[in-house]
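Student: Please see the structure below; I have some questions.
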Amino acid sequence: MNKTNNQSFWSRLKTRRRIAVMDDDSLKQLWSFRLSALGVIIMFVLMFLVTVAVLSVVIVYTPMRNILPGYNQNIRERLMEESVRLDSLSNTMDLQRQYLEVIRSITAGEVSTDTVPGSDSLQLIFQEQLLEAKREATEDFVAQYEQKEKDNLQLFDIQNTAPAITLTSPVLGTITQHFLPQDGYYDIAIQTAEKASVMTVLAGTIVWQEKALDDTYTIIVQHQNYISVYRNVGHATHKVGDALRSGETIGLMTQPLPLRFELWKEGYALNPEEVIAF
């Protein structure tokens with residue numbers, strides 16, 4: 001009995017039926033097609049599978065996947081962190097660019113010494129304030145000590161006290177041109193022997209290095225309180241960003257040109273012969 005019913009069920013599914021569209025007035029058949037119940041089921045199943053497959057491909061391989069809840073959450077957090085870091089780096093680069101523009105203007109002689117601002121880009125103003133506070137504290141201490149030790153006042157004469165910072169000579173040689181700011185010479189010229197070593201006068205960092213058409217280098221070193229400039233260096237041994245010790249070699253004199261040396265502090269040119277023993 002059940003076998004007969006199953007055969008009858010499958011027979012009904014496989015039985016083809018004609019669907020025709022006719023003209024209502026002339027009863028003329030316009031078009032028709034044959035379709036079984038099993039065919040209808042298979043057609044809908046295939047349409048469903050194709051729709052699911054298309055939607056899956058669209059979601060997986062297009063940006064639509066980013067709108068799914070919880071998808072790429074880690075990437076979004078990293079993007080936010082990198083965006084904040086990029087803003088910080090942009091600000092730092094702007095400060096460095098402004099500082100290097102001031103240095104370039106100084107070395108090119110485009111800005112007079114009495115109009116050069118302080119090195120704000122490296123926050124030296126804050127450091128100068130700290131040094132000023134230390135200087136005042138030192139003077140107070142000396143004054144109190146002098147009051148107690150009147151017999152030894154000459155030992156604490158501030159004007160005769162040796163400077164706390166000792167600058168190294170940039171190169172061994174003979175000075176052929178002196179510091180003459182009234183004539184536009186803010187540097188001194190030192191004639192050296194062949195392949196003489198050029199040394200930094202204090203510990204610092206190279207902030208500028210440029211090669212000229214005559215194959216010589218201009219090197220600028222930022223120190224804690226000074227800026228030193230070295231021109232006509234034939235061969236550079238370091239690059240921008242390198243940290244240097246006091247007296248460390250930064251280049252060699254390979255051409256018959258004198259070393260042009262400048263020393264700046266707080267935007268003002270100093271006479272190197274007054275602070276360095278050549």
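Ordered as shown in the structure tokens, chains take letters A, B, and onward, while each chain numbers its residues from 1 and ligands are numbered from 1 in the order shown.
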Could you name the residues that touch Lys211 in chain A at 12 Å or less, counting only C-alpha atoms, but leaving out those on the same chain fewer than 3 positions away, as a PyMOL selection string?
Tutor: chain A and resi 208+214-219+230-236+239
Student: Could you list, as an MDAnalysis selection string, every residue within 10 Å of range 190-196 of chain A, counting only C-alpha atoms and ignoring same-chain residues fewer than 3 positions away?
Tutor: chainID A and resid 170:178 187 199 233:235 249 251:261 278
Student: Could you check the closest approach to Glu248 in chain A for each of A:Leu100, A:Ala203, A:Leu213, A:Trp264 and tell me which residue wins, using only C-alpha atoms?
Tutor: A:Ala203
